[in-house]
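Below: coords-v8.csv (CSV, C-alpha atoms)
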chain,number,residue,atom,x,y,z
A,1,MET,CA,24.3,-22.0,6.5
A,2,ASP,CA,21.8,-24.1,8.5
A,3,ALA,CA,23.3,-22.8,11.7
A,4,GLU,CA,23.1,-19.2,10.6
A,5,TYR,CA,19.5,-19.7,9.4
A,6,GLN,CA,18.5,-21.3,12.8
A,7,ALA,CA,20.2,-18.4,14.6
A,8,LEU,CA,18.2,-15.9,12.6
A,9,LEU,CA,14.9,-17.8,13.5
A,10,LYS,CA,15.9,-17.9,17.1
A,11,ASN,CA,16.7,-14.2,17.1
A,12,GLN,CA,13.2,-13.6,15.7
A,13,THR,CA,14.7,-11.5,12.9
A,14,TRP,CA,11.5,-11.7,10.9
A,15,HIS,CA,8.0,-13.2,10.6
A,16,LEU,CA,6.4,-14.5,7.5
A,17,VAL,CA,3.5,-12.5,6.1
A,18,PRO,CA,1.4,-12.6,2.9
A,19,ARG,CA,3.0,-10.4,0.3
A,20,PRO,CA,1.8,-6.8,0.9
A,21,LYS,CA,0.6,-4.7,-2.1
A,22,GLY,CA,2.4,-1.6,-3.0
A,23,LYS,CA,5.4,-2.2,-0.8
A,24,ASN,CA,9.0,-2.5,-1.9
A,25,ILE,CA,10.3,-6.0,-1.3
A,26,ILE,CA,14.0,-6.3,-1.2
A,27,GLY,CA,16.1,-9.3,-2.0
A,28,CYS,CA,18.7,-11.1,0.0
A,29,LYS,CA,21.5,-13.5,-0.6
A,30,TRP,CA,24.0,-15.7,1.2
A,31,VAL,CA,27.6,-14.6,1.4
A,32,TYR,CA,30.1,-17.3,2.1
A,33,LYS,CA,33.4,-16.8,3.7
A,34,VAL,CA,36.2,-19.2,4.5
A,35,LYS,CA,37.6,-18.4,8.0
A,36,ARG,CA,41.2,-19.3,8.3
A,37,LYS,CA,43.3,-19.8,11.4
A,38,SER,CA,46.4,-17.6,11.8
A,39,ASP,CA,48.6,-20.3,10.2
A,40,GLY,CA,46.5,-20.2,7.1
A,41,THR,CA,44.7,-23.5,7.5
A,42,ILE,CA,40.9,-23.6,7.1
A,43,ASP,CA,39.1,-23.0,10.4
A,44,ARG,CA,35.5,-23.2,9.2
A,45,TYR,CA,33.1,-22.1,6.5
A,46,LYS,CA,30.8,-19.2,7.4
A,47,ALA,CA,27.6,-18.2,5.8
A,48,ARG,CA,25.9,-14.8,6.4
A,49,LEU,CA,22.5,-13.8,5.1
A,50,VAL,CA,22.7,-10.2,3.8
A,51,ALA,CA,19.8,-8.0,2.6
A,52,LYS,CA,20.2,-6.1,-0.6
A,53,GLY,CA,20.1,-2.7,1.0
A,54,PHE,CA,20.8,-1.0,-2.3
A,55,GLU,CA,17.2,-1.9,-3.3
A,56,GLN,CA,15.9,0.3,-0.5
A,57,ARG,CA,14.8,3.8,-1.5
A,58,TYR,CA,15.8,6.8,0.7
A,59,GLY,CA,12.8,8.6,2.2
A,60,ILE,CA,10.4,5.7,1.5
A,61,ASP,CA,12.0,2.6,2.9
A,62,TYR,CA,14.3,4.3,5.3
A,63,GLU,CA,15.1,7.8,6.5
A,64,ASP,CA,18.1,8.3,8.8
A,65,THR,CA,21.3,6.4,8.6
A,66,PHE,CA,24.2,6.6,11.0
A,67,SER,CA,27.2,4.6,11.9
A,68,PRO,CA,28.9,4.9,15.3
A,69,VAL,CA,32.5,5.7,14.4
A,70,VAL,CA,34.6,7.1,17.1
A,71,LYS,CA,36.9,10.0,16.3
A,72,ALA,CA,40.6,9.3,16.4
A,73,ALA,CA,41.2,12.3,18.8
A,74,THR,CA,38.6,10.9,21.2
A,75,ILE,CA,40.5,7.5,21.4
A,76,ARG,CA,43.8,9.3,22.0
A,77,LEU,CA,42.2,11.5,24.6
A,78,ILE,CA,40.6,8.7,26.5
A,79,LEU,CA,43.8,6.7,26.4
A,80,SER,CA,45.8,9.6,27.7
A,81,ILE,CA,43.4,10.1,30.6
A,82,ALA,CA,43.5,6.3,31.3
A,83,VAL,CA,47.3,6.3,31.4
A,84,SER,CA,47.5,9.5,33.5
A,85,ARG,CA,45.1,8.2,36.1
A,86,GLY,CA,46.8,4.9,36.2
B,1,MET,CA,30.9,-8.1,19.4
B,2,GLN,CA,29.5,-11.0,17.4
B,3,ASN,CA,26.8,-10.4,14.8
B,4,ALA,CA,26.4,-6.8,16.1
B,5,PHE,CA,23.9,-5.7,13.4
B,6,LEU,CA,21.5,-8.5,14.0
B,7,HIS,CA,20.7,-7.0,17.5
B,8,GLY,CA,19.3,-3.8,16.1
B,9,VAL,CA,15.5,-3.4,16.3
B,10,LEU,CA,13.9,-2.0,13.2
B,11,GLU,CA,11.5,1.0,13.4
B,12,GLU,CA,10.7,1.0,9.7
B,13,GLU,CA,8.6,-1.5,7.8
B,14,VAL,CA,11.0,-3.6,5.7
B,15,TYR,CA,9.9,-6.6,3.6
B,16,MET,CA,12.3,-9.1,2.1
B,17,TYR,CA,11.9,-12.2,0.0
B,18,GLN,CA,12.5,-15.5,1.7
B,19,PRO,CA,16.2,-16.5,1.8
B,20,PRO,CA,17.3,-18.6,-1.1
B,21,GLY,CA,17.2,-22.3,-0.3
B,22,TYR,CA,15.0,-21.7,2.8
B,23,THR,CA,11.6,-21.1,1.3
B,24,ASP,CA,8.8,-22.1,3.7
B,25,PRO,CA,7.1,-25.1,2.1
B,26,ARG,CA,3.7,-24.1,3.6
B,27,HIS,CA,3.8,-20.5,2.5
B,28,PRO,CA,6.1,-20.3,-0.5
B,29,SER,CA,4.6,-17.0,-1.6
B,30,PHE,CA,4.9,-15.2,1.7
B,31,VAL,CA,7.6,-12.6,2.4
B,32,CYS,CA,9.6,-11.8,5.5
B,33,LYS,CA,8.6,-8.8,7.5
B,34,LEU,CA,11.8,-7.8,9.2
B,35,ASP,CA,11.6,-7.1,13.0
B,36,LYS,CA,15.3,-7.0,13.6
B,37,ALA,CA,18.1,-5.6,11.3
B,38,LEU,CA,20.1,-7.7,8.9
B,39,TYR,CA,23.5,-7.0,7.4
B,40,GLY,CA,23.2,-5.0,4.3
B,41,LEU,CA,20.2,-2.9,5.3
B,42,LYS,CA,20.8,0.8,5.1
B,43,GLN,CA,19.6,1.4,8.6
B,44,ALA,CA,21.3,-1.6,10.2
B,45,PRO,CA,24.3,0.3,11.8
B,46,ARG,CA,21.9,3.0,13.1
B,47,ALA,CA,19.5,0.4,14.6
B,48,TRP,CA,22.5,-1.3,16.2
B,49,TYR,CA,23.8,1.9,17.7
B,50,ALA,CA,20.3,2.7,19.1
B,51,ARG,CA,20.1,-0.7,20.8
B,52,LEU,CA,23.6,-0.5,22.3
B,53,CYS,CA,23.1,3.2,23.4
B,54,LYS,CA,19.8,2.2,25.1
B,55,GLN,CA,21.6,-0.6,26.9
B,56,LEU,CA,24.5,1.5,28.1
B,57,VAL,CA,22.1,4.3,29.3
B,58,ALA,CA,20.1,1.7,31.2
B,59,LEU,CA,23.4,0.7,32.9
B,60,GLY,CA,23.9,4.3,34.0
B,61,PHE,CA,26.2,5.5,31.2
B,62,ILE,CA,26.0,9.0,29.8
B,63,PRO,CA,26.5,9.6,26.1
B,64,SER,CA,29.0,12.4,25.4
B,65,LYS,CA,27.5,15.4,23.7
B,66,ALA,CA,30.7,16.0,21.7
B,67,ASP,CA,31.2,12.5,20.3
B,68,THR,CA,28.3,10.1,19.9
B,69,SER,CA,30.6,7.1,20.2
B,70,LEU,CA,31.8,8.0,23.7
B,71,PHE,CA,29.9,7.0,26.8
B,72,PHE,CA,31.1,7.6,30.3
B,73,TYR,CA,30.1,6.6,33.8
B,74,ASN,CA,31.2,8.6,36.9
B,75,LYS,CA,30.5,7.7,40.5
B,76,GLY,CA,32.8,9.0,43.2
B,77,LYS,CA,36.3,7.9,42.4
B,78,LEU,CA,35.2,5.3,39.8
B,79,SER,CA,35.1,6.3,36.2
B,80,VAL,CA,34.5,4.1,33.1
B,81,PHE,CA,34.8,5.2,29.5
B,82,VAL,CA,33.3,3.2,26.6
B,83,LEU,CA,34.3,3.9,23.0
B,84,VAL,CA,32.3,2.4,20.2
B,85,TYR,CA,33.7,1.8,16.7
B,86,VAL,CA,30.7,0.1,15.0
B,87,ASP,CA,31.1,-3.4,16.5
B,88,ASP,CA,34.4,-2.9,18.3
B,89,ILE,CA,34.1,-1.6,21.8
B,90,ILE,CA,36.9,-0.3,24.0
B,91,VAL,CA,36.5,0.0,27.7
B,92,ALA,CA,38.8,2.2,29.8
B,93,SER,CA,38.2,2.1,33.5
B,94,SER,CA,39.9,3.0,36.8
B,95,SER,CA,38.9,-0.3,38.2
B,96,LEU,CA,39.2,-3.8,36.7
B,97,GLU,CA,36.2,-4.9,38.7
B,98,ALA,CA,34.0,-2.2,37.1
B,99,THR,CA,35.1,-3.3,33.7
B,100,GLU,CA,34.2,-6.9,34.4
B,101,THR,CA,30.8,-6.0,35.8
B,102,LEU,CA,30.1,-4.0,32.7
B,103,LEU,CA,31.1,-6.9,30.4
B,104,LYS,CA,28.9,-9.2,32.4
B,105,ASP,CA,26.0,-6.8,32.1
B,106,LEU,CA,26.5,-6.5,28.3
B,107,GLN,CA,26.9,-10.2,27.9
B,108,LYS,CA,23.4,-10.7,29.2
B,109,GLU,CA,22.1,-8.8,26.1
B,110,PHE,CA,24.7,-9.4,23.4
B,111,ALA,CA,27.1,-12.1,22.3
B,112,LEU,CA,30.5,-10.5,22.9
B,113,ASN,CA,34.1,-11.7,23.2
B,114,ASP,CA,36.4,-10.2,25.8
B,115,LEU,CA,39.7,-9.7,24.1
B,116,GLY,CA,41.4,-8.8,27.3
B,117,GLU,CA,44.0,-6.0,27.5
B,118,LEU,CA,44.0,-3.6,24.6
B,119,HIS,CA,46.8,-4.6,22.3
B,120,TYR,CA,45.3,-4.3,18.8
B,121,PHE,CA,42.4,-2.4,17.4
B,122,LEU,CA,41.5,-0.6,14.2
B,123,SER,CA,44.9,-1.7,12.8
B,124,ILE,CA,46.6,0.1,15.8
B,125,GLU,CA,49.1,-1.8,17.8
B,126,VAL,CA,49.3,-0.9,21.5
B,127,LYS,CA,52.4,-1.6,23.4
B,128,VAL,CA,52.5,-1.1,27.2
B,129,ASP,CA,55.8,0.3,28.5
B,130,ASP,CA,56.0,3.3,30.8
B,131,GLY,CA,52.7,4.5,29.3
B,132,LEU,CA,51.4,3.3,25.9
B,133,LEU,CA,52.9,3.3,22.5
B,134,LEU,CA,50.4,3.4,19.6
B,135,SER,CA,51.8,2.3,16.3
B,136,GLN,CA,50.6,1.0,12.9
B,137,GLY,CA,53.7,-0.8,11.9
B,138,ARG,CA,51.9,-3.8,10.5
B,139,TYR,CA,49.5,-1.6,8.5
B,140,ALA,CA,52.4,0.5,7.2
B,141,ALA,CA,54.2,-2.7,6.1
B,142,ASP,CA,51.0,-3.8,4.3
B,143,ILE,CA,50.9,-0.5,2.4
B,144,LEU,CA,54.5,-1.0,1.3
B,145,THR,CA,53.9,-4.5,0.1
B,146,ARG,CA,50.8,-3.4,-1.8
B,147,SER,CA,52.8,-0.7,-3.5
B,148,GLY,CA,55.9,-2.9,-4.2
B,149,MET,CA,58.0,-0.5,-2.1
B,150,THR,CA,59.3,-2.9,0.5
B,151,LYS,CA,62.9,-2.7,-0.8
B,152,ALA,CA,62.8,1.1,-1.5
B,153,LYS,CA,65.6,3.2,-0.2
B,154,PRO,CA,64.4,5.1,2.9
B,155,VAL,CA,64.4,8.9,3.0
B,156,ASP,CA,64.6,11.2,6.1
B,157,THR,CA,61.6,13.5,5.4
B,158,PRO,CA,58.2,12.8,3.8
B,159,LEU,CA,58.2,15.9,1.6
B,160,SER,CA,60.7,18.0,-0.3
B,161,VAL,CA,60.6,21.6,1.0
B,162,SER,CA,62.0,23.2,-2.1
B,163,LYS,CA,59.4,22.3,-4.6
B,164,LYS,CA,55.7,23.4,-4.4
B,165,LEU,CA,53.3,21.0,-6.0
B,166,SER,CA,50.8,22.1,-8.6
B,167,ILE,CA,47.9,20.4,-10.2
B,168,SER,CA,49.4,20.9,-13.6
B,169,ASP,CA,52.8,19.3,-12.9
B,170,GLY,CA,53.6,16.1,-14.9
B,171,GLU,CA,51.6,13.9,-17.2
B,172,ARG,CA,48.1,12.6,-16.2
B,173,LEU,CA,48.1,9.0,-15.0
B,174,GLY,CA,46.1,6.4,-16.7
B,175,GLU,CA,42.8,5.0,-15.3
B,176,GLU,CA,44.4,2.0,-13.6
B,177,ASP,CA,47.3,4.0,-12.1
B,178,SER,CA,44.9,6.7,-10.9
B,179,THR,CA,43.0,4.1,-9.0
B,180,ARG,CA,46.2,2.8,-7.4
B,181,TYR,CA,47.2,6.4,-6.5
B,182,ARG,CA,43.8,7.0,-4.8
B,183,SER,CA,43.9,3.7,-2.9
B,184,LEU,CA,47.5,4.3,-1.6
B,185,VAL,CA,46.8,7.9,-0.6
B,186,GLY,CA,43.7,6.8,1.2
B,187,ALA,CA,45.7,4.2,3.0
B,188,LEU,CA,48.4,6.7,4.0
B,189,GLN,CA,45.7,9.0,5.3
B,190,TYR,CA,44.6,6.2,7.6
B,191,LEU,CA,48.2,5.7,8.7
B,192,ALA,CA,48.1,9.2,10.0
B,193,LEU,CA,45.9,8.0,12.9
B,194,THR,CA,49.1,7.5,15.0
B,195,ARG,CA,51.5,9.6,12.9
B,196,PRO,CA,51.4,13.4,13.2
B,197,ASP,CA,54.4,13.6,10.9
B,198,LEU,CA,52.4,12.5,7.9
B,199,PRO,CA,49.2,14.7,7.5
B,200,LEU,CA,50.9,17.6,5.8
B,201,ALA,CA,52.5,15.5,3.1
B,202,VAL,CA,49.4,13.3,2.7
B,203,ASN,CA,47.1,16.3,2.5
B,204,LYS,CA,49.3,17.7,-0.3
B,205,VAL,CA,48.9,14.6,-2.5
B,206,TYR,CA,45.2,14.3,-1.4
B,207,GLN,CA,44.6,17.6,-3.3
B,208,PHE,CA,45.1,15.7,-6.6
B,209,LEU,CA,43.0,12.6,-6.1
B,210,HIS,CA,40.7,13.7,-8.9
B,211,ALA,CA,43.5,14.1,-11.5
B,212,PRO,CA,46.8,12.5,-10.4
B,213,THR,CA,49.9,12.9,-12.5
B,214,THR,CA,53.3,11.3,-12.8
B,215,THR,CA,54.8,14.1,-10.6
B,216,HIS,CA,52.2,13.6,-7.9
B,217,TRP,CA,52.9,9.9,-8.1
B,218,SER,CA,56.6,10.4,-7.4
B,219,VAL,CA,55.7,12.5,-4.3
B,220,VAL,CA,53.5,9.6,-3.0
B,221,LYS,CA,56.5,7.3,-3.6
B,222,ARG,CA,58.7,9.6,-1.6
B,223,ILE,CA,56.2,9.5,1.3
B,224,LEU,CA,56.3,5.7,1.0
B,225,ARG,CA,60.1,5.7,1.2
B,226,TYR,CA,59.8,7.9,4.3
B,227,VAL,CA,57.4,5.4,5.8
B,228,GLN,CA,59.8,2.6,4.9
B,229,GLY,CA,62.5,4.2,7.0
B,230,THR,CA,60.2,4.9,10.0
B,231,LEU,CA,58.1,1.7,10.2
B,232,GLY,CA,58.6,1.3,14.0
B,233,ILE,CA,57.6,4.8,15.1
B,234,GLY,CA,54.3,5.6,16.7
B,235,LEU,CA,52.6,7.9,19.2
B,236,LYS,CA,53.7,7.7,22.8
B,237,ILE,CA,51.2,8.4,25.6
B,238,ARG,CA,52.9,9.0,28.9
B,239,ARG,CA,51.5,9.5,32.4
B,240,SER,CA,50.9,13.2,32.6
B,241,PRO,CA,50.8,15.1,35.9
B,242,SER,CA,48.7,17.9,34.3
B,243,MET,CA,45.4,17.7,32.5
B,244,MET,CA,45.8,21.1,30.9
B,245,VAL,CA,44.7,21.4,27.3
B,246,SER,CA,47.1,23.4,25.2
B,247,ALA,CA,47.2,24.1,21.5
B,248,PHE,CA,49.8,25.3,18.9
B,249,SER,CA,48.9,26.5,15.5
B,250,ASP,CA,50.7,27.7,12.3
B,251,ALA,CA,49.9,28.7,8.8
B,252,ASP,CA,51.7,28.7,5.4
B,253,TRP,CA,50.2,31.8,3.7
B,254,ALA,CA,49.2,31.1,0.1
B,255,GLY,CA,50.8,27.7,0.4
B,256,CYS,CA,48.8,26.3,-2.5
B,257,VAL,CA,50.2,27.6,-5.8
B,258,ASP,CA,47.1,26.8,-7.8
B,259,ASP,CA,44.5,28.8,-5.9
B,260,ARG,CA,46.6,30.8,-3.4
B,261,ARG,CA,44.8,29.5,-0.5
B,262,SER,CA,46.8,28.9,2.7
B,263,ILE,CA,47.7,25.7,4.6
B,264,GLY,CA,46.8,25.8,8.3
B,265,GLY,CA,47.5,23.3,11.0
B,266,PHE,CA,47.4,22.8,14.7
B,267,ALA,CA,48.5,20.4,17.5
B,268,VAL,CA,46.5,20.0,20.7
B,269,PHE,CA,48.0,18.5,23.8
B,270,LEU,CA,46.4,17.1,27.0
B,271,GLY,CA,49.1,17.7,29.6
B,272,ASN,CA,52.2,16.5,27.8
B,273,ASN,CA,50.4,14.1,25.4
B,274,LEU,CA,49.6,15.0,21.9
B,275,ILE,CA,46.0,14.0,21.2
B,276,SER,CA,44.8,15.9,18.1
B,277,TRP,CA,46.5,17.4,15.1
B,278,THR,CA,45.7,18.5,11.5
B,279,ALA,CA,47.3,20.1,8.5
B,280,ARG,CA,45.0,21.2,5.7
B,281,LYS,CA,44.2,23.8,3.1
B,282,GLN,CA,42.1,26.6,4.5
B,283,ALA,CA,38.6,27.1,3.1
B,284,THR,CA,39.0,30.7,2.0
B,285,VAL,CA,41.8,32.9,0.6
B,286,SER,CA,43.7,35.1,3.0
B,287,ARG,CA,45.0,38.5,2.0
B,288,SER,CA,47.8,38.5,4.5
B,289,SER,CA,49.9,36.0,6.5
B,290,THR,CA,48.3,37.4,9.6
B,291,GLU,CA,44.8,36.5,8.3
B,292,ALA,CA,46.0,33.0,7.6
B,293,GLU,CA,47.5,32.7,11.1
B,294,TYR,CA,44.3,33.9,12.7
B,295,LYS,CA,42.3,31.3,10.7
B,296,ALA,CA,44.6,28.5,11.9
B,297,LEU,CA,44.3,29.8,15.5
B,298,ALA,CA,40.5,29.9,15.2
B,299,LYS,CA,40.5,26.3,14.0
B,300,ALA,CA,42.8,25.3,16.9
B,301,THR,CA,40.5,27.1,19.4
B,302,ALA,CA,37.5,25.3,18.0
B,303,GLU,CA,39.3,22.0,18.6
B,304,VAL,CA,40.2,22.9,22.1
B,305,MET,CA,36.6,23.8,22.9
B,306,TRP,CA,35.5,20.5,21.4
B,307,ILE,CA,38.0,18.6,23.6
B,308,GLN,CA,36.9,20.5,26.7
B,309,LYS,CA,33.3,19.6,25.9
B,310,LEU,CA,34.4,16.0,25.5
B,311,LEU,CA,35.9,16.0,28.9
B,312,SER,CA,33.0,17.6,30.7
Can the structure from this file be put into structure tokens for me?
Amino acid sequence: MDAEYQALLKNQTWHLVPRPKGKNIIGCKWVYKVKRKSDGTIDRYKARLVAKGFEQRYGIDYEDTFSPVVKAATIRLILSIAVSRG
Amino acid sequence: MQNAFLHGVLEEEVYMYQPPGYTDPRHPSFVCKLDKALYGLKQAPRAWYARLCKQLVALGFIPSKADTSLFFYNKGKLSVFVLVYVDDIIVASSSLEATETLLKDLQKEFALNDLGELHYFLSIEVKVDDGLLLSQGRYAADILTRSGMTKAKPVDTPLSVSKKLSISDGERLGEEDSTRYRSLVGALQYLALTRPDLPLAVNKVYQFLHAPTTTHWSVVKRILRYVQGTLGIGLKIRRSPSMMVSAFSDADWAGCVDDRRSIGGFAVFLGNNLISWTARKQATVSRSSTEAEYKALAKATAEVMWIQKLLS
């Protein structure tokens, strides 16, 4: 958890400011995961800070959303081009 | 890509309470004004995409107009393709050197792991032998385990041809079984990524997601038994001498007994490799089988145009 926190600081994910008036402030929490090796033994414990995005309001706190998801046909097309060109 | 979403730069003003356990002792009442994205934010995937896109464009890549997740780079004989699936990136290139240069360039900006040759992505296993074999055997086996069908007797076909399914067949499933039905049908849909033999059957049972019955459930079980007997099969991609795009379409006029709409489908090939297919209920009622066939043909044509655009 400390490592993740330090990484976030190093990444300059945020800076501290006095609480602004009239702005929506969202919460966050730590999510813990046990990472296992392929044989099932514990590899390490991982913590990730996640923002409570569901507290954001569409049109006020954010506008557009998008996720880059490649179409299956595109993958197959590129793979066939790759195979054919060698 | 590690911690992909943390690379995204935020355009919007987002304020967040300080993380639990890490309140700044000097400014306990202050809040965090986010400059970069965090997991969970609505705009996190978009911010990440913008950042990656900017980086690839700076390296000379052109984003495809037909699929936003495809980037290509062409210079003389050298061509490199980059496919983005959120934080998974696939690079296809005519030269190993070019791939390595690209990875080095990206590593300057992002923390990424090179997984080497493509052998597993998005639950698809890739085997190299005289071309590529794409299969989802492991994923299929998982579905069977989840549904308790690992020991089921296999059948040769996914769907019975004699009986047409209706929304009103059988008894409504309970809440819990309905959820199970939806989850399994969704999983089967994903299995169709490498299986052109499944979409027709899966699309049939997909029509009843909102109100599944015992009859629909037995059809799903039949599909699972078919999958059980065909675990090893997948999609073969061979070296093709031709790059011609060709398409085949068909329609089953009034194939849906409930609303008399037709089922249309097509298969598109690049050279001799099947790359795109679909089988689904048409959006409007056709008054003749010819009309239904034309609609299927139009859909196939649209797909061919899209693929041509993707290639250009």
Report, in Å with one decimal, the straight-line distance from CA of Lys33 (chain B) to CA of Cys53 (chain B).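 Here the two named atoms are 24.6 Å from each other.
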Can you list, as a ChimeraX atom specification, every protein, DNA or RNA residue that comes within 9 Å of Pro241 (chain B) when you count only C-alpha atoms, leaving out same-chain residues fewer than 3 positions away? /A:84-85 /B:271-272
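Reported to one decimal place, the separation of CA of Arg182 (chain B) from CA of Gly255 (chain B) is 22.5 Å.
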Would you mind listing, as a ChimeraX atom specification, all residues of chain B that have at least one atom within 8 Å of chain A, where all atoms listed in the file are what counts? /B:6,12-20,29-43,45-46,49,67-70,81,83-86,92-94,131-132,193,237-241,270,273,275-276,310
Could you give me, as a count of residues only, the residues within 12 Å of Gln207 (chain B), counting all atoms listed in the file and dropping anything in the same chain fewer than 4 positions from it? 24
Between CA of Trp217 (chain B) and CA of Lys151 (chain B), distance in Å (one decimal):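 The value is 17.7 Å.
For the residues B:Ser288, B:Val126, B:Leu59, B:Asp87, ranking by smallest atom-to-atom distance to Thr101 (chain B) using all atoms listed in the file places B:Leu59 first.
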Spatial neighbours of region 197-199 of chain B, max dist 12 Å, only C-alpha atoms, sep filter under 2 positions, as a PyMOL selection string: chain B and resi 156-159+185-195+201-206+220+222-224+226-227+230+233-235+263-267+276-281
Excluding Thr284 (chain B) and any residue of its chain fewer than 5 positions from it, enumerate the residues within 10 Å of it, using all atoms listed in the file, and give them as a VMD selection string. chain B and resid 259 to 262 292 295
